[in-house]
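Scroll down for the structure; my scribbles are underneath it.
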Amino acid sequence: MNVLAVPLKGRRRQKKWNVTESIIFVILVLVTGFVLLSSPVFEVRRVLVRGNYYLSEEMILSVADVGLGVNIFKLKMADVSSNLKQVPMIKEAQVARSLPSSVVISVVERVPLGLLPSKEGFIEVDEEGVYLARAGAGTPGLPVITGVQVDITGPGQVIGSEKLKSALDVIKGLPAGSAANLSEVHVDEDGQIKIYTTEGYQCRFGLPQEIQEKGEIFQQVLLELRKQGAKINYIDLSYAGQPVVYYKSLTKAGD
């Protein structure tokens with residue numbers, strides 16, 4: 001009996017100590033939580049915005065609605081992120097705490113790729129066909145997309161149209177220099193694409209296939225035409241690798 005009594009007493013003391021440790025731990029957690037949630041050290045004093053180019057910092061801060069002076073641990077980050085994603089120009093938004101008193105907002109903006117005519121004027125669309133905002137017809141660097149008939153709802157909505165997708169694929173696939181000089185991208189009923197430059201050159205691009213290869217050839221042909229100062233009817237790139245330039249003074253000339 002005496003042999004068994006010692007281990008039992010030891011186990012009881014150990015169990016009593018474990019309970020005491022648990023109580024102390026819980027008290028420490030509660031005290032720490034109280035300090036974190038009530039200390040002025042953790043009040044939001046600064047909100048930083050990163051990744052914006054098209055949208056102003058002031059606009060983003062207004063939409064995010066992060067109140068200065070609120071405890072940083074009480075701030076609902078998911079709500080702030082949800083507020084930001086209501087802006088059509090914002091594709092992604094991340095909100096993070098930077099202790100002790102700063103909040104960092106990082107955004108990925110949608111990039112306007114073209115202008116689509118509508119009853120109310122022109123609207124900007126990105127590479128996914130998302131309606132971003134209203135715009136003027138002469139917005140620099142954005143070609144007007146014609147031949148596309150769609151029902152346009154409101155900003156932030158995806159405009160579903162195979163013709164629009166084809167036009168956007170071509171704009172996106174062209175070399176940056178060529179895309180910036182486009183004035184119009186037209187989609188025919190049969191899906192054939194015609195593109196027009198700000199200099200007045202017309203290119204019959206054909207179907208939206210082998211876009212990158214056609215785009216590189218298109219850029220080379222344009223450079224040569226500028227050197228020559230030639231006046232042309234149009235460039236035919238319907239078949240990649242076989243560009244044909246139709247001059248105004250000649251019937252046809254191969255490139």
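Note on naming: chains are A, B, ... as they come in the structure tokens, residues start from 1 per chain, ligands start from 1 in the order shown.
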message = Env of A:Ala240: 10 Å cut, atoms = only C-alpha atoms, seq-sep filter 6 positions within chain, self excluded. Answer as a PyMOL selection string.
response = chain A and resi 205-206+209-215+217-218
request  = Give the helix (DSSP H, G or I) residues of stretch 85-230 of chain A, as assigned by DSSP on the backbone, as a ChimeraX atom specification.
outcome  = /A:162-173,176-180,211-228
Write a file of the selected residues as a CSV table (one decimal), in the first residue's frame, keeping N, CA, C and O atoms.
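Dumped everything to result-v7.csv:
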```csv
chain,number,residue,atom,x,y,z
A,162,GLU,N,-18.6,37.2,-78.4
A,162,GLU,CA,-17.5,36.6,-79.1
A,162,GLU,C,-16.7,37.6,-80.0
A,162,GLU,O,-15.5,37.6,-80.1
A,163,LYS,N,-17.5,38.5,-80.6
A,163,LYS,CA,-16.9,39.5,-81.4
A,163,LYS,C,-16.0,40.5,-80.6
A,163,LYS,O,-14.9,40.8,-81.0
A,164,LEU,N,-16.5,40.9,-79.5
A,164,LEU,CA,-15.7,41.7,-78.6
A,164,LEU,C,-14.5,41.0,-78.1
A,164,LEU,O,-13.4,41.6,-78.1
A,165,LYS,N,-14.6,39.7,-77.8
A,165,LYS,CA,-13.5,39.0,-77.3
A,165,LYS,C,-12.4,38.9,-78.4
A,165,LYS,O,-11.2,39.0,-78.1
A,166,SER,N,-12.9,38.7,-79.6
A,166,SER,CA,-11.9,38.6,-80.8
A,166,SER,C,-11.1,39.9,-80.9
A,166,SER,O,-9.9,39.9,-81.1
A,167,ALA,N,-11.9,41.0,-80.9
A,167,ALA,CA,-11.2,42.3,-81.0
A,167,ALA,C,-10.2,42.6,-79.9
A,167,ALA,O,-9.1,43.0,-80.1
A,168,LEU,N,-10.6,42.2,-78.6
A,168,LEU,CA,-9.7,42.4,-77.5
A,168,LEU,C,-8.5,41.5,-77.6
A,168,LEU,O,-7.4,41.9,-77.2
A,169,ASP,N,-8.7,40.3,-78.1
A,169,ASP,CA,-7.5,39.4,-78.2
A,169,ASP,C,-6.5,39.9,-79.2
A,169,ASP,O,-5.3,39.8,-79.0
A,170,VAL,N,-7.0,40.5,-80.3
A,170,VAL,CA,-6.1,41.1,-81.3
A,170,VAL,C,-5.3,42.3,-80.7
A,170,VAL,O,-4.1,42.4,-80.8
A,171,ILE,N,-6.1,43.2,-80.0
A,171,ILE,CA,-5.4,44.4,-79.4
A,171,ILE,C,-4.4,43.9,-78.4
A,171,ILE,O,-3.2,44.4,-78.4
A,172,LYS,N,-4.7,43.0,-77.6
A,172,LYS,CA,-3.8,42.5,-76.5
A,172,LYS,C,-2.6,41.8,-77.1
A,172,LYS,O,-1.5,41.8,-76.5
A,173,GLY,N,-2.8,41.1,-78.2
A,173,GLY,CA,-1.7,40.3,-78.8
A,173,GLY,C,-0.7,41.1,-79.7
A,173,GLY,O,0.3,40.5,-80.0
A,176,ALA,N,3.3,46.2,-78.2
A,176,ALA,CA,2.9,47.4,-77.5
A,176,ALA,C,2.9,48.7,-78.4
A,176,ALA,O,1.9,49.4,-78.3
A,177,GLY,N,3.9,48.8,-79.2
A,177,GLY,CA,4.0,50.0,-80.0
A,177,GLY,C,2.9,50.1,-81.1
A,177,GLY,O,2.3,51.1,-81.3
A,178,SER,N,2.6,48.9,-81.7
A,178,SER,CA,1.5,48.9,-82.7
A,178,SER,C,0.1,49.1,-82.1
A,178,SER,O,-0.7,49.8,-82.6
A,179,ALA,N,-0.1,48.5,-80.9
A,179,ALA,CA,-1.4,48.6,-80.3
A,179,ALA,C,-1.7,50.1,-79.9
A,179,ALA,O,-2.8,50.5,-80.0
A,180,ALA,N,-0.7,50.8,-79.4
A,180,ALA,CA,-0.8,52.2,-79.0
A,180,ALA,C,-1.2,53.1,-80.1
A,180,ALA,O,-1.7,54.2,-79.9
A,211,ILE,N,-2.0,35.6,-83.8
A,211,ILE,CA,-2.0,37.1,-83.6
A,211,ILE,C,-0.6,37.6,-83.4
A,211,ILE,O,-0.3,38.7,-84.0
A,212,GLN,N,0.2,37.0,-82.6
A,212,GLN,CA,1.5,37.5,-82.3
A,212,GLN,C,2.4,37.6,-83.5
A,212,GLN,O,3.0,38.6,-83.8
A,213,GLU,N,2.3,36.5,-84.4
A,213,GLU,CA,3.1,36.5,-85.6
A,213,GLU,C,2.6,37.6,-86.5
A,213,GLU,O,3.5,38.3,-87.1
A,214,LYS,N,1.3,37.7,-86.7
A,214,LYS,CA,0.8,38.7,-87.6
A,214,LYS,C,1.2,40.1,-87.1
A,214,LYS,O,1.5,41.0,-87.8
A,215,GLY,N,1.1,40.3,-85.7
A,215,GLY,CA,1.4,41.6,-85.1
A,215,GLY,C,2.9,42.0,-85.4
A,215,GLY,O,3.1,43.2,-85.7
A,216,GLU,N,3.8,41.1,-85.3
A,216,GLU,CA,5.2,41.4,-85.6
A,216,GLU,C,5.4,41.8,-87.0
A,216,GLU,O,6.2,42.7,-87.3
A,217,ILE,N,4.7,41.0,-87.9
A,217,ILE,CA,4.8,41.4,-89.3
A,217,ILE,C,4.2,42.7,-89.6
A,217,ILE,O,4.8,43.6,-90.3
A,218,PHE,N,3.1,43.0,-89.0
A,218,PHE,CA,2.4,44.3,-89.2
A,218,PHE,C,3.3,45.4,-88.7
A,218,PHE,O,3.4,46.5,-89.4
A,219,GLN,N,4.0,45.3,-87.6
A,219,GLN,CA,4.9,46.3,-87.1
A,219,GLN,C,6.1,46.5,-88.1
A,219,GLN,O,6.4,47.7,-88.4
A,220,GLN,N,6.6,45.5,-88.7
A,220,GLN,CA,7.7,45.6,-89.6
A,220,GLN,C,7.3,46.3,-90.9
A,220,GLN,O,8.0,47.2,-91.4
A,221,VAL,N,6.1,45.9,-91.4
A,221,VAL,CA,5.5,46.5,-92.6
A,221,VAL,C,5.3,48.0,-92.4
A,221,VAL,O,5.6,48.9,-93.3
A,222,LEU,N,4.7,48.4,-91.2
A,222,LEU,CA,4.5,49.8,-90.9
A,222,LEU,C,5.8,50.6,-90.9
A,222,LEU,O,5.8,51.7,-91.5
A,223,LEU,N,6.8,50.0,-90.3
A,223,LEU,CA,8.1,50.7,-90.3
A,223,LEU,C,8.6,51.0,-91.7
A,223,LEU,O,9.1,52.1,-92.0
A,224,GLU,N,8.5,50.0,-92.6
A,224,GLU,CA,9.0,50.2,-93.9
A,224,GLU,C,8.1,51.2,-94.7
A,224,GLU,O,8.7,52.0,-95.4
A,225,LEU,N,6.8,51.2,-94.5
A,225,LEU,CA,6.0,52.1,-95.2
A,225,LEU,C,6.2,53.5,-94.7
A,225,LEU,O,6.2,54.5,-95.5
A,226,ARG,N,6.5,53.7,-93.5
A,226,ARG,CA,6.9,55.1,-93.0
A,226,ARG,C,8.2,55.6,-93.6
A,226,ARG,O,8.3,56.8,-93.9
A,227,LYS,N,9.1,54.7,-93.7
A,227,LYS,CA,10.4,55.1,-94.4
A,227,LYS,C,10.2,55.5,-95.8
A,227,LYS,O,10.7,56.5,-96.3
A,228,GLN,N,9.3,54.8,-96.5
A,228,GLN,CA,9.0,55.0,-97.9
A,228,GLN,C,8.1,56.3,-98.1
A,228,GLN,O,8.1,56.9,-99.1
```
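Proximity to A:Met89 was assessed for A:Asp236, A:Glu58, A:Glu124, A:Asp65 counting only C-alpha atoms; the smallest distance is recorded for A:Glu124.
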Near A:Val70, within 12 Å and counting only C-alpha atoms, which residues show up once chain neighbours fewer than 4 positions away are dropped, as a PDB file with N, CA and C atoms, in the first residue's frame?
```pdb
ATOM      1  N   LEU A  37      -6.672  45.401 -27.359  1.00  0.00           N
ATOM      2  CA  LEU A  37      -7.911  45.993 -27.853  1.00  0.00           C
ATOM      3  C   LEU A  37      -8.203  47.365 -27.262  1.00  0.00           C
ATOM      4  N   SER A  38      -7.483  47.751 -26.226  1.00  0.00           N
ATOM      5  CA  SER A  38      -7.773  49.033 -25.580  1.00  0.00           C
ATOM      6  C   SER A  38      -6.617  50.021 -25.608  1.00  0.00           C
ATOM      7  N   SER A  39      -5.428  49.540 -25.921  1.00  0.00           N
ATOM      8  CA  SER A  39      -4.270  50.423 -25.897  1.00  0.00           C
ATOM      9  C   SER A  39      -4.293  51.397 -27.071  1.00  0.00           C
ATOM     10  N   PRO A  40      -4.032  52.690 -26.830  1.00  0.00           N
ATOM     11  CA  PRO A  40      -3.968  53.680 -27.920  1.00  0.00           C
ATOM     12  C   PRO A  40      -2.800  53.429 -28.872  1.00  0.00           C
ATOM     13  N   VAL A  41      -1.863  52.610 -28.457  1.00  0.00           N
ATOM     14  CA  VAL A  41      -0.716  52.282 -29.320  1.00  0.00           C
ATOM     15  C   VAL A  41      -1.186  51.603 -30.605  1.00  0.00           C
ATOM     16  N   PHE A  42      -2.297  50.859 -30.511  1.00  0.00           N
ATOM     17  CA  PHE A  42      -2.787  50.090 -31.651  1.00  0.00           C
ATOM     18  C   PHE A  42      -3.970  50.753 -32.353  1.00  0.00           C
ATOM     19  N   GLU A  43      -4.093  52.048 -32.203  1.00  0.00           N
ATOM     20  CA  GLU A  43      -5.113  52.777 -32.957  1.00  0.00           C
ATOM     21  C   GLU A  43      -4.564  53.112 -34.350  1.00  0.00           C
ATOM     22  N   VAL A  44      -5.393  52.964 -35.377  1.00  0.00           N
ATOM     23  CA  VAL A  44      -4.969  53.224 -36.757  1.00  0.00           C
ATOM     24  C   VAL A  44      -4.661  54.704 -36.934  1.00  0.00           C
ATOM     25  N   ARG A  45      -3.429  54.992 -37.328  1.00  0.00           N
ATOM     26  CA  ARG A  45      -3.009  56.369 -37.547  1.00  0.00           C
ATOM     27  C   ARG A  45      -2.656  56.657 -39.012  1.00  0.00           C
ATOM     28  N   ARG A  46      -2.419  55.595 -39.775  1.00  0.00           N
ATOM     29  CA  ARG A  46      -1.983  55.803 -41.159  1.00  0.00           C
ATOM     30  C   ARG A  46      -2.500  54.662 -42.040  1.00  0.00           C
ATOM     31  N   VAL A  47      -2.976  55.018 -43.242  1.00  0.00           N
ATOM     32  CA  VAL A  47      -3.414  54.022 -44.227  1.00  0.00           C
ATOM     33  C   VAL A  47      -2.598  54.240 -45.500  1.00  0.00           C
ATOM     34  N   ASP A  65     -12.884  53.198 -46.615  1.00  0.00           N
ATOM     35  CA  ASP A  65     -13.583  53.605 -45.397  1.00  0.00           C
ATOM     36  C   ASP A  65     -12.941  53.018 -44.134  1.00  0.00           C
ATOM     37  N   VAL A  66     -11.623  53.209 -44.019  1.00  0.00           N
ATOM     38  CA  VAL A  66     -10.903  52.788 -42.815  1.00  0.00           C
ATOM     39  C   VAL A  66     -10.860  53.986 -41.873  1.00  0.00           C
ATOM     40  N   LYS A  74      -9.661  45.542 -34.180  1.00  0.00           N
ATOM     41  CA  LYS A  74     -11.113  45.526 -34.341  1.00  0.00           C
ATOM     42  C   LYS A  74     -11.524  45.787 -35.788  1.00  0.00           C
ATOM     43  N   LEU A  75     -10.578  46.242 -36.597  1.00  0.00           N
ATOM     44  CA  LEU A  75     -10.872  46.556 -37.992  1.00  0.00           C
ATOM     45  C   LEU A  75     -11.174  45.273 -38.770  1.00  0.00           C
ATOM     46  N   LYS A  76     -12.303  45.244 -39.454  1.00  0.00           N
ATOM     47  CA  LYS A  76     -12.707  44.070 -40.232  1.00  0.00           C
ATOM     48  C   LYS A  76     -12.101  44.162 -41.630  1.00  0.00           C
ATOM     49  N   SER A 101       0.311  50.566 -35.919  1.00  0.00           N
ATOM     50  CA  SER A 101      -0.798  51.497 -36.160  1.00  0.00           C
ATOM     51  C   SER A 101      -1.041  51.829 -37.634  1.00  0.00           C
ATOM     52  N   SER A 102      -0.607  50.958 -38.540  1.00  0.00           N
ATOM     53  CA  SER A 102      -0.788  51.242 -39.969  1.00  0.00           C
ATOM     54  C   SER A 102      -1.575  50.131 -40.651  1.00  0.00           C
ATOM     55  N   VAL A 103      -2.304  50.524 -41.697  1.00  0.00           N
ATOM     56  CA  VAL A 103      -3.022  49.574 -42.553  1.00  0.00           C
ATOM     57  C   VAL A 103      -2.510  49.759 -43.976  1.00  0.00           C
TER      58      VAL A 103
END
```
Contact residues around A:Val130 with only C-alpha atoms at 8 Å, ignoring same-chain residues under 5 positions, as a ChimeraX atom specification = /A:88,125,155-159
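Residue nearest A:Glu92 within the list A:Thr146, A:Gln192, A:Ser106, A:Ser238: A:Ser106 [criterion: smallest interatomic distance, only C-alpha atoms].
Nearest to A:Gly141 of all the residues A:Leu182, A:Val95, A:Val63, A:Ile123 is A:Leu182, based on only C-alpha atoms.
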inquiry  = What's around A:Thr198 at 8 Å? Count only C-alpha atoms, leave out sequence neighbours fewer than 3 positions away in its own chain, and write the answer as JSON, numbers by chain.
reply    = {"A": [181, 182, 183, 201]}
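Relative to atom CA of A:Gly129, atom CA of A:Val187 is found at 15.1 Å.
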task = Using DSSP on the backbone coordinates, identify the residues of stretch 20-225 of chain A assigned to strand (DSSP E or B); present them as a count of residues only.
result = 60
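Nearest to A:Ile105 of all the residues A:Leu142, A:Leu48, A:Ile72, A:Val150 is A:Leu48, counting only C-alpha atoms.
In this model, the gap between atom CA of A:Ala93 and atom CA of A:Glu109 comes to 8.8 Å.
Take the candidates A:Gly136, A:Leu99, A:Val49, A:Gly191 and check each one against A:Phe73 using only C-alpha atoms; the shortest distance goes to A:Leu99.
Note that atom CA of A:Leu116 and atom CA of A:Lys231 are 29.1 Å apart.
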